[in-house]
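Down below is the structure, laid out as structure tokens.
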Amino acid sequence: MIPPPKNVKQDARAPSTTELPLDQNLGRITNSVGIPVVNEINPLTVGPHGPILLQDAYLIDKLSHFDRERIPERVVHAKGGGAHGYFEVTKDVSHLTCADFLSAVGKRTPMFARFSTVAKEMGSADTVRNPRGFALKFYTQEGNFDMVGNNTPVFFERNPSAFKDLIAVQKRDPRTHLPSANMFWDYFTLRPVSFHQLLIQFSNRGTPDGFRHMHGYSSHTYKLINHNGLVHYVKWHFRTNQGVKNLSAKHAEELAGTEPDYAIQDLFNAIERKEYPSWTLYFQVLTEKEALNYKYDVLDVTKVISQKDFPLQEVGRFVLDRNPENYFAEVEQAAFAPSHLVPGIAPSADRMLQGRLFSYTDTHLHRLGPNHAQLPINSPINPINTTIRDGPLIMGANGGRNPPYYPNSYGGPHPDPNVREYENDYNVEGIVGRYEYELCERDFEQPRALFKLLAASEQQDLISNLAEDVAMTHEYIQRRVVGVLERIDATFAKRVQEALAKS
């Protein structure tokens with residue numbers, strides 16, 4: 001037995017993932033099916049210098065698994081960190097929703113959170129200029145509820161067919177395999193509705209100081225349904241209790257080189273120090289009539305609903321107090337989907353949300369397989385009672401001898417007509433067609449208000465960040481950027497143009 005090391009110095013910057021007792025004995029090593037291994041290092045050979053025998057089953061077991069230990073990387077939200085915790089209701093919202101986990105003040109629900117960059121790959125730095133994913137899984141008594149949001153209250157696009165394109169331009173050039181400012185700004189200047197999100201992304205909010213110091217948002221408008229079938233339209237806001245902190249462009253770039261896993265490390269170490277991060281949940285609530293008559297389309301994810309018009313209403317808070325024991329099993333295999341909605345919470349007709357209801361689940365079927373919901377991190381705490389059967393990697397009894405069909409004569413599970421899936425008198429009608437969101441002056445009002453809301457120093461940082469990136473593009477693209485900015489604010493556009501001239 002190798003003796004334990006003495007005077008081991010822990011790297012203060014590194015997460016303490018290996019703090020295990022040095023004198024423990026985990027017993028003899030086995031292969032993947034529990035058969036004890038006689039020798040872990042030396043393969044079975046013909047003599048000391050001869051070939052390896054095919055009958056060395058342990059070597060084949062080990063290498064063949066090694067060849068397959070990577071699963072497909074997420075197309076979006078590839079790089080991230082996560083932690084376990086709980087959600088607790090602090091205010092009565094039972095008049096708004098019949099969702100069980102929101103039914104009473106003081107009620108606690110276990111949960112898991114995953115934070116991420118959105119468009120970058122697994123090996124990218126945590127501090128890149130990019131939106132941050134803000135995905136929460138609530139293990140309720142009525143199944144898993146996933147809130148799959150971001151750290152921005154709006155998004156780039158409002159049509160789901162554009163989702164693939166807006167991500168593609170933030171990936172790599174198909175020829176050079178390098179990030180391309182030309183590709184990025186060519187697309188977004190041809191889709192000016194994206195500039196609300198872009199102004200956030202190129203402000204200091206585009207480089208948050210880790211995961212603990214950023215807010216989270218549903219971005220989309222959802223529907224809440226109460227016990228009487230009454231519906232309200234709601235936006236979800238998760239406000240950090242650690243205070244908002246952002247990184248300057250210079251500091252973010254420095255950290256990308258020296259501490260590329262900065263945000264993951266910061267979250268992990270804070271929880272290890274028992275400095276448990278928390279966020280307070282607020283709702284913005286509109287009646288159906290208020291939603292219909294609001295000055296902006298509440299189903300347009302490129303727009304915010306003013307808090308002056310509809311103030312935040314406190315609901316509860318979540319606390320992250322336990323780090324994963326195994327990153328791959330818990331963070332990498334965690335599968336979040338906007339379609340995972342419990343009774344009392346329903347999707348709105350937000351077009352981008354409607355597209356995501358399909359796309360996220362479809363991604364998990366590709367990455368993890370049809371039984372990904374049976375993985376421990378994705379499995380609900382309430383019993384699964386389904387006729388869905390078979391497929392790769394079944395965990396458990398696969399329904400046993402019970403009939404895999406409905407209806408049946410053997411007491412099989414049955415639907416519950418009392419479940420509140422939709423509101424009373426939910427009615428949709430119209431002529432089928434491809435209806436266009438036409439770009440108009442209203443699409444520039446909120447970006448204009450955002451720019452004017454920024455302090456003078458923040459405006460200057462935004463202008464500098466924009467100019468530095470846009471300067472890497474062709475001149476005709478630069479002119480298009482300035483042209484879009486002129487529709488937002490003439491002075492803003494002029495200052496960016498002047499900064500580009502100096503670059």
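Following the order of the structure tokens, first chain is A, next is B, and so on, with residues numbered from 1 inside each chain and ligands from 1 in the order they appear.
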Once DSSP has gone over the backbone, tell me which residues of range 148-251 of chain A are in helix (DSSP H, G or I), as a PyMOL selection string.
chain A and resi 160-168+181-189+192-202+204-206+249-251
Output file for the residues above (C-alpha atoms, as a compact mmCIF listing (two decimals), in the first residue's frame):
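Contents of the output file out_37.txt:
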# COMPACT_ATOMS: atom_id res chain seq x y z
CA PRO A 160 -37.55 30.30 -32.38
CA SER A 161 -36.41 29.72 -35.97
CA ALA A 162 -33.71 32.35 -35.30
CA PHE A 163 -32.37 30.55 -32.24
CA LYS A 164 -29.99 28.34 -34.21
CA ASP A 165 -28.65 31.33 -36.19
CA LEU A 166 -28.03 33.63 -33.23
CA ILE A 167 -26.05 30.86 -31.54
CA ALA A 168 -24.16 29.97 -34.72
CA ALA A 181 -16.65 39.58 -35.13
CA ASN A 182 -17.69 39.89 -38.77
CA MET A 183 -20.04 36.93 -38.50
CA PHE A 184 -21.43 38.19 -35.17
CA TRP A 185 -22.13 41.78 -36.19
CA ASP A 186 -23.20 40.93 -39.74
CA TYR A 187 -26.06 38.89 -38.34
CA PHE A 188 -27.11 41.16 -35.49
CA THR A 189 -27.08 44.36 -37.56
CA PRO A 192 -31.77 45.08 -34.98
CA VAL A 193 -34.36 43.77 -32.51
CA SER A 194 -31.41 42.05 -30.82
CA PHE A 195 -29.81 45.33 -29.72
CA HIS A 196 -31.67 45.46 -26.39
CA GLN A 197 -29.88 42.27 -25.38
CA LEU A 198 -26.62 43.39 -27.00
CA LEU A 199 -26.51 46.61 -24.98
CA ILE A 200 -26.78 44.51 -21.83
CA GLN A 201 -24.15 42.09 -23.09
CA PHE A 202 -21.63 44.83 -23.94
CA ASN A 204 -20.42 45.56 -17.60
CA ARG A 205 -23.40 43.28 -16.94
CA GLY A 206 -22.07 41.14 -19.80
CA ALA A 249 -13.49 44.19 -19.59
CA LYS A 250 -9.82 44.30 -18.63
CA HIS A 251 -10.25 42.29 -15.44
Name the residues of range 263-459 of chain A that come out as strand (DSSP E or B) in a backbone DSSP run; write them as a PDB file with N, CA and C atoms, in the first residue's frame.
ATOM      1  N   SER A 278     -27.641  32.979  -1.873  1.00  0.00           N
ATOM      2  CA  SER A 278     -29.103  32.896  -1.932  1.00  0.00           C
ATOM      3  C   SER A 278     -29.653  33.952  -2.889  1.00  0.00           C
ATOM      4  N   TRP A 279     -30.851  33.690  -3.367  1.00  0.00           N
ATOM      5  CA  TRP A 279     -31.560  34.591  -4.269  1.00  0.00           C
ATOM      6  C   TRP A 279     -33.013  34.695  -3.822  1.00  0.00           C
ATOM      7  N   THR A 280     -33.591  35.870  -3.920  1.00  0.00           N
ATOM      8  CA  THR A 280     -35.003  36.078  -3.577  1.00  0.00           C
ATOM      9  C   THR A 280     -35.826  36.091  -4.856  1.00  0.00           C
ATOM     10  N   LEU A 281     -36.902  35.307  -4.850  1.00  0.00           N
ATOM     11  CA  LEU A 281     -37.797  35.227  -6.001  1.00  0.00           C
ATOM     12  C   LEU A 281     -38.895  36.267  -5.889  1.00  0.00           C
ATOM     13  N   TYR A 282     -39.100  37.000  -6.984  1.00  0.00           N
ATOM     14  CA  TYR A 282     -40.195  37.967  -7.094  1.00  0.00           C
ATOM     15  C   TYR A 282     -40.989  37.659  -8.366  1.00  0.00           C
ATOM     16  N   PHE A 283     -42.267  37.980  -8.321  1.00  0.00           N
ATOM     17  CA  PHE A 283     -43.123  37.911  -9.496  1.00  0.00           C
ATOM     18  C   PHE A 283     -43.491  39.320  -9.946  1.00  0.00           C
ATOM     19  N   GLN A 284     -43.599  39.501 -11.269  1.00  0.00           N
ATOM     20  CA  GLN A 284     -44.354  40.610 -11.835  1.00  0.00           C
ATOM     21  C   GLN A 284     -45.650  40.007 -12.347  1.00  0.00           C
ATOM     22  N   VAL A 285     -46.790  40.509 -11.872  1.00  0.00           N
ATOM     23  CA  VAL A 285     -48.070  39.852 -12.115  1.00  0.00           C
ATOM     24  C   VAL A 285     -48.996  40.772 -12.906  1.00  0.00           C
ATOM     25  N   LEU A 286     -49.589  40.224 -13.971  1.00  0.00           N
ATOM     26  CA  LEU A 286     -50.565  40.950 -14.780  1.00  0.00           C
ATOM     27  C   LEU A 286     -51.802  40.077 -14.954  1.00  0.00           C
ATOM     28  N   THR A 287     -52.959  40.695 -14.898  1.00  0.00           N
ATOM     29  CA  THR A 287     -54.178  39.988 -15.265  1.00  0.00           C
ATOM     30  C   THR A 287     -54.205  39.802 -16.785  1.00  0.00           C
ATOM     31  N   GLN A 313     -43.271  41.499  -6.673  1.00  0.00           N
ATOM     32  CA  GLN A 313     -43.955  40.944  -5.507  1.00  0.00           C
ATOM     33  C   GLN A 313     -43.144  39.760  -4.990  1.00  0.00           C
ATOM     34  N   GLU A 314     -42.718  39.840  -3.736  1.00  0.00           N
ATOM     35  CA  GLU A 314     -41.883  38.784  -3.165  1.00  0.00           C
ATOM     36  C   GLU A 314     -42.648  37.467  -3.077  1.00  0.00           C
ATOM     37  N   VAL A 315     -41.926  36.366  -3.357  1.00  0.00           N
ATOM     38  CA  VAL A 315     -42.516  35.033  -3.299  1.00  0.00           C
ATOM     39  C   VAL A 315     -41.758  34.134  -2.333  1.00  0.00           C
ATOM     40  N   GLY A 316     -40.444  34.101  -2.452  1.00  0.00           N
ATOM     41  CA  GLY A 316     -39.639  33.216  -1.607  1.00  0.00           C
ATOM     42  C   GLY A 316     -38.173  33.403  -1.904  1.00  0.00           C
ATOM     43  N   ARG A 317     -37.368  32.455  -1.490  1.00  0.00           N
ATOM     44  CA  ARG A 317     -35.937  32.539  -1.757  1.00  0.00           C
ATOM     45  C   ARG A 317     -35.370  31.134  -1.882  1.00  0.00           C
ATOM     46  N   PHE A 318     -34.258  31.033  -2.639  1.00  0.00           N
ATOM     47  CA  PHE A 318     -33.556  29.758  -2.649  1.00  0.00           C
ATOM     48  C   PHE A 318     -32.134  29.952  -2.159  1.00  0.00           C
ATOM     49  N   VAL A 319     -31.628  28.902  -1.521  1.00  0.00           N
ATOM     50  CA  VAL A 319     -30.302  28.889  -0.916  1.00  0.00           C
ATOM     51  C   VAL A 319     -29.550  27.690  -1.461  1.00  0.00           C
ATOM     52  N   LEU A 320     -28.312  27.885  -1.858  1.00  0.00           N
ATOM     53  CA  LEU A 320     -27.461  26.786  -2.304  1.00  0.00           C
ATOM     54  C   LEU A 320     -26.478  26.449  -1.194  1.00  0.00           C
ATOM     55  N   ASP A 321     -26.596  25.244  -0.648  1.00  0.00           N
ATOM     56  CA  ASP A 321     -25.827  24.907   0.551  1.00  0.00           C
ATOM     57  C   ASP A 321     -25.081  23.580   0.456  1.00  0.00           C
ATOM     58  N   ARG A 322     -25.028  22.982  -0.744  1.00  0.00           N
ATOM     59  CA  ARG A 322     -24.325  21.698  -0.867  1.00  0.00           C
ATOM     60  C   ARG A 322     -23.725  21.566  -2.257  1.00  0.00           C
ATOM     61  N   ILE A 345     -48.686  25.994 -13.251  1.00  0.00           N
ATOM     62  CA  ILE A 345     -47.753  26.809 -14.026  1.00  0.00           C
ATOM     63  C   ILE A 345     -47.849  26.345 -15.475  1.00  0.00           C
ATOM     64  N   ALA A 346     -48.024  27.267 -16.405  1.00  0.00           N
ATOM     65  CA  ALA A 346     -48.220  26.904 -17.812  1.00  0.00           C
ATOM     66  C   ALA A 346     -47.434  27.853 -18.706  1.00  0.00           C
ATOM     67  N   PRO A 347     -47.094  27.406 -19.914  1.00  0.00           N
ATOM     68  CA  PRO A 347     -46.402  28.287 -20.843  1.00  0.00           C
ATOM     69  C   PRO A 347     -47.357  29.313 -21.435  1.00  0.00           C
TER      70      PRO A 347
END
Which neighbours of range 261-268 of chain A fall inside 7 Å, counting only C-alpha atoms, when residues of the same chain fewer than 6 positions from it are skipped, and could you give them as a PyMOL selection string?
chain A and resi 14-15+80-81+125-126+210-212+323
Those selected residues, please, written with N, CA, C and O atoms and delivered as a CSV table (one decimal), in the first residue's frame.
chain,number,residue,atom,x,y,z
A,14,ALA,N,-7.6,26.4,-5.8
A,14,ALA,CA,-8.3,25.3,-6.3
A,14,ALA,C,-9.4,24.8,-5.4
A,14,ALA,O,-9.3,24.8,-4.2
A,15,PRO,N,-10.5,24.4,-6.0
A,15,PRO,CA,-11.6,23.8,-5.2
A,15,PRO,C,-11.1,22.6,-4.5
A,15,PRO,O,-10.3,21.8,-5.0
A,80,GLY,N,-20.4,25.2,-17.3
A,80,GLY,CA,-21.1,25.8,-16.2
A,80,GLY,C,-20.8,25.0,-14.9
A,80,GLY,O,-20.0,24.1,-14.9
A,81,GLY,N,-21.4,25.5,-13.8
A,81,GLY,CA,-21.2,24.9,-12.5
A,81,GLY,C,-22.6,24.9,-11.8
A,81,GLY,O,-23.5,25.5,-12.3
A,125,ALA,N,-13.5,30.2,-21.2
A,125,ALA,CA,-13.3,30.8,-19.9
A,125,ALA,C,-14.7,31.3,-19.3
A,125,ALA,O,-15.6,31.6,-20.0
A,126,ASP,N,-14.8,31.2,-18.0
A,126,ASP,CA,-16.0,31.6,-17.3
A,126,ASP,C,-16.3,33.1,-17.4
A,126,ASP,O,-17.4,33.5,-17.1
A,210,GLY,N,-18.5,36.2,-11.4
A,210,GLY,CA,-18.9,34.9,-11.0
A,210,GLY,C,-20.4,34.7,-11.1
A,210,GLY,O,-21.2,35.5,-11.6
A,211,PHE,N,-20.9,33.6,-10.5
A,211,PHE,CA,-22.3,33.2,-10.6
A,211,PHE,C,-23.1,33.8,-9.4
A,211,PHE,O,-24.3,34.0,-9.5
A,212,ARG,N,-22.4,34.0,-8.3
A,212,ARG,CA,-23.1,34.4,-7.1
A,212,ARG,C,-23.6,35.9,-7.1
A,212,ARG,O,-24.6,36.2,-6.3
A,323,ASN,N,-22.4,21.3,-2.3
A,323,ASN,CA,-21.7,21.1,-3.6
A,323,ASN,C,-22.0,19.7,-4.1
A,323,ASN,O,-22.2,18.8,-3.3
Do you know which residues are at most 12 Å from Glu441 in chain A counting only C-alpha atoms, after dropping those on the same chain fewer than 6 positions away, and could you put them as a list in words?
Pro192, Val193, Tyr296, Pro447, Arg448, Val484, Glu486, Arg487, Ile488 and Asp489 of chain A
Can those selected residues be exported to a file as a CSV table (one decimal), in the first residue's frame so that it contains C-alpha atoms?
chain,number,residue,atom,x,y,z
A,192,PRO,CA,-31.8,45.1,-35.0
A,193,VAL,CA,-34.4,43.8,-32.5
A,296,TYR,CA,-45.6,46.4,-25.0
A,447,PRO,CA,-32.7,50.1,-25.5
A,448,ARG,CA,-32.8,53.9,-25.5
A,484,VAL,CA,-28.7,50.8,-35.8
A,486,GLU,CA,-28.6,56.0,-34.4
A,487,ARG,CA,-32.1,54.6,-34.2
A,488,ILE,CA,-31.5,54.1,-30.4
A,489,ASP,CA,-29.8,57.4,-29.6
So which one's closest to Val304 in chain A, A:Leu357, A:Val342, A:Val154, A:Leu178? Using only C-alpha atoms, please.
A:Val154
What's the 12 Å shell around Asn402 in chain A, counting only C-alpha atoms, without same-chain residues fewer than 3 positions away, as a PDB file with C-alpha atoms, in the first residue's frame?
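The result, stored in around_1.pdb:
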ATOM      1  CA  ASN A 385     -46.205   6.090 -12.532  1.00  0.00           C
ATOM      2  CA  THR A 386     -46.014   5.775 -16.296  1.00  0.00           C
ATOM      3  CA  THR A 387     -46.628   3.377 -19.163  1.00  0.00           C
ATOM      4  CA  ILE A 388     -43.404   4.536 -20.871  1.00  0.00           C
ATOM      5  CA  ARG A 389     -41.046   1.573 -21.094  1.00  0.00           C
ATOM      6  CA  ALA A 397     -37.622  -2.322 -12.580  1.00  0.00           C
ATOM      7  CA  ASN A 398     -38.907  -0.760 -15.849  1.00  0.00           C
ATOM      8  CA  GLY A 399     -42.480  -0.940 -14.559  1.00  0.00           C
ATOM      9  CA  TYR A 405     -50.490   0.485 -21.944  1.00  0.00           C
ATOM     10  CA  TYR A 406     -53.595   2.499 -21.064  1.00  0.00           C
ATOM     11  CA  ASN A 408     -56.132  -1.690 -19.048  1.00  0.00           C
ATOM     12  CA  SER A 409     -58.150  -4.000 -16.801  1.00  0.00           C
ATOM     13  CA  TYR A 410     -55.494  -4.419 -14.112  1.00  0.00           C
ATOM     14  CA  GLY A 411     -55.671  -1.270 -12.021  1.00  0.00           C
ATOM     15  CA  GLY A 412     -53.042   0.567 -14.035  1.00  0.00           C
ATOM     16  CA  PRO A 413     -52.365   4.288 -13.488  1.00  0.00           C
TER      17      PRO A 413
END
Close residues, Ile41 in chain A itself excluded, 12 Å, only C-alpha atoms, min 2 positions apart in chain, as a PDB file with all heavy atoms, in the first residue's frame:
ATOM      1  N   ILE A  29     -10.211  -3.406  -5.387  1.00  0.00           N
ATOM      2  CA  ILE A  29     -10.740  -2.828  -6.614  1.00  0.00           C
ATOM      3  C   ILE A  29     -11.425  -3.913  -7.438  1.00  0.00           C
ATOM      4  O   ILE A  29     -11.022  -5.080  -7.419  1.00  0.00           O
ATOM      5  CB  ILE A  29      -9.619  -2.144  -7.424  1.00  0.00           C
ATOM      6  CG1 ILE A  29     -10.192  -1.227  -8.504  1.00  0.00           C
ATOM      7  CG2 ILE A  29      -8.658  -3.160  -8.013  1.00  0.00           C
ATOM      8  CD1 ILE A  29      -9.150  -0.322  -9.140  1.00  0.00           C
ATOM      9  N   VAL A  37     -10.223  -7.457  -9.059  1.00  0.00           N
ATOM     10  CA  VAL A  37      -9.106  -7.310  -9.989  1.00  0.00           C
ATOM     11  C   VAL A  37      -7.826  -7.749  -9.296  1.00  0.00           C
ATOM     12  O   VAL A  37      -7.520  -7.291  -8.189  1.00  0.00           O
ATOM     13  CB  VAL A  37      -8.995  -5.852 -10.472  1.00  0.00           C
ATOM     14  CG1 VAL A  37      -7.732  -5.641 -11.303  1.00  0.00           C
ATOM     15  CG2 VAL A  37     -10.235  -5.469 -11.275  1.00  0.00           C
ATOM     16  N   VAL A  38      -7.062  -8.606  -9.981  1.00  0.00           N
ATOM     17  CA  VAL A  38      -5.839  -9.129  -9.377  1.00  0.00           C
ATOM     18  C   VAL A  38      -4.671  -8.157  -9.541  1.00  0.00           C
ATOM     19  O   VAL A  38      -3.778  -8.093  -8.697  1.00  0.00           O
ATOM     20  CB  VAL A  38      -5.491 -10.523  -9.961  1.00  0.00           C
ATOM     21  CG1 VAL A  38      -5.161 -10.419 -11.449  1.00  0.00           C
ATOM     22  CG2 VAL A  38      -4.338 -11.160  -9.201  1.00  0.00           C
ATOM     23  N   ASN A  39      -4.663  -7.389 -10.649  1.00  0.00           N
ATOM     24  CA  ASN A  39      -3.553  -6.466 -10.893  1.00  0.00           C
ATOM     25  C   ASN A  39      -4.075  -5.293 -11.712  1.00  0.00           C
ATOM     26  O   ASN A  39      -4.591  -5.475 -12.812  1.00  0.00           O
ATOM     27  CB  ASN A  39      -2.424  -7.178 -11.655  1.00  0.00           C
ATOM     28  CG  ASN A  39      -1.143  -6.359 -11.702  1.00  0.00           C
ATOM     29  OD1 ASN A  39      -1.143  -5.228 -12.158  1.00  0.00           O
ATOM     30  ND2 ASN A  39      -0.034  -6.949 -11.242  1.00  0.00           N
ATOM     31  N   PRO A  43      -0.867  -5.618 -17.729  1.00  0.00           N
ATOM     32  CA  PRO A  43      -1.781  -6.426 -18.529  1.00  0.00           C
ATOM     33  C   PRO A  43      -1.333  -7.888 -18.596  1.00  0.00           C
ATOM     34  O   PRO A  43      -0.206  -8.221 -18.229  1.00  0.00           O
ATOM     35  CB  PRO A  43      -1.703  -5.758 -19.909  1.00  0.00           C
ATOM     36  CG  PRO A  43      -0.319  -5.190 -19.970  1.00  0.00           C
ATOM     37  CD  PRO A  43      -0.017  -4.747 -18.559  1.00  0.00           C
ATOM     38  N   LEU A  44      -2.228  -8.742 -19.087  1.00  0.00           N
ATOM     39  CA  LEU A  44      -1.949 -10.161 -19.224  1.00  0.00           C
ATOM     40  C   LEU A  44      -1.207 -10.374 -20.542  1.00  0.00           C
ATOM     41  O   LEU A  44      -1.753 -10.128 -21.624  1.00  0.00           O
ATOM     42  CB  LEU A  44      -3.269 -10.942 -19.215  1.00  0.00           C
ATOM     43  CG  LEU A  44      -3.215 -12.452 -19.041  1.00  0.00           C
ATOM     44  CD1 LEU A  44      -2.613 -12.819 -17.687  1.00  0.00           C
ATOM     45  CD2 LEU A  44      -4.619 -13.041 -19.170  1.00  0.00           C
ATOM     46  N   TYR A  58     -10.260  -7.331 -18.048  1.00  0.00           N
ATOM     47  CA  TYR A  58     -10.246  -6.083 -17.280  1.00  0.00           C
ATOM     48  C   TYR A  58      -9.640  -4.940 -18.090  1.00  0.00           C
ATOM     49  O   TYR A  58     -10.145  -3.821 -18.080  1.00  0.00           O
ATOM     50  CB  TYR A  58      -9.480  -6.264 -15.972  1.00  0.00           C
ATOM     51  CG  TYR A  58      -9.452  -4.984 -15.159  1.00  0.00           C
ATOM     52  CD1 TYR A  58     -10.641  -4.382 -14.752  1.00  0.00           C
ATOM     53  CD2 TYR A  58      -8.255  -4.358 -14.840  1.00  0.00           C
ATOM     54  CE1 TYR A  58     -10.647  -3.197 -14.025  1.00  0.00           C
ATOM     55  CE2 TYR A  58      -8.248  -3.173 -14.119  1.00  0.00           C
ATOM     56  CZ  TYR A  58      -9.449  -2.595 -13.715  1.00  0.00           C
ATOM     57  OH  TYR A  58      -9.436  -1.425 -13.006  1.00  0.00           O
ATOM     58  N   LEU A  59      -8.562  -5.222 -18.831  1.00  0.00           N
ATOM     59  CA  LEU A  59      -7.962  -4.183 -19.670  1.00  0.00           C
ATOM     60  C   LEU A  59      -8.960  -3.704 -20.715  1.00  0.00           C
ATOM     61  O   LEU A  59      -9.114  -2.501 -20.946  1.00  0.00           O
ATOM     62  CB  LEU A  59      -6.702  -4.721 -20.353  1.00  0.00           C
ATOM     63  CG  LEU A  59      -6.032  -3.768 -21.350  1.00  0.00           C
ATOM     64  CD1 LEU A  59      -5.499  -2.528 -20.639  1.00  0.00           C
ATOM     65  CD2 LEU A  59      -4.918  -4.481 -22.108  1.00  0.00           C
ATOM     66  N   LYS A  62     -11.688  -1.611 -19.122  1.00  0.00           N
ATOM     67  CA  LYS A  62     -11.203  -0.277 -18.735  1.00  0.00           C
ATOM     68  C   LYS A  62     -11.014   0.625 -19.956  1.00  0.00           C
ATOM     69  O   LYS A  62     -11.453   1.791 -19.966  1.00  0.00           O
ATOM     70  CB  LYS A  62      -9.881  -0.442 -17.982  1.00  0.00           C
ATOM     71  CG  LYS A  62      -9.402   0.778 -17.226  1.00  0.00           C
ATOM     72  CD  LYS A  62      -8.181   0.437 -16.371  1.00  0.00           C
ATOM     73  CE  LYS A  62      -7.705   1.634 -15.582  1.00  0.00           C
ATOM     74  NZ  LYS A  62      -6.509   1.293 -14.755  1.00  0.00           N
TER      75      LYS A  62
END
Please list as a ChimeraX atom specification every residue within 12 Å of Asn159 in chain A, counting only C-alpha atoms and excluding residues in the same chain fewer than 3 positions away.
/A:155-156,162-166,191,193-194,299-302,349-356,434-438
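The smallest atom-to-atom distance between Thr127 in chain A and any of A:Ser464, A:Asn246, A:Asn25, A:Asn326, using only C-alpha atoms, is found for A:Asn246.
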I'd like to know which of A:Asn31, A:Ser348, A:Asn465, A:Gln170 is closest to Tyr426 in chain A, using only C-alpha atoms.
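Distance minimum relative to Tyr426 in chain A lands on A:Ser348.
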Between CA of Asp443 in chain A and CA of Glu458 in chain A, what is the distance in Å, rounded to a tenth?
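A separation of 22.2 Å between them.
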Restricting the calculation to only C-alpha atoms: of A:Leu485, A:Glu332, A:Leu292, A:Lys171, which residue gets closest to Ser124 in chain A?
A:Lys171
Let me make sure I understand: among A:Leu500, A:Ala99, A:Ile305, A:Met147, which one has the smallest atom-to-atom distance to Leu224 in chain A if we use only C-alpha atoms?
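Checking each of A:Leu500, A:Ala99, A:Ile305, A:Met147 against Leu224 in chain A, counting only C-alpha atoms, the winner is A:Ala99.
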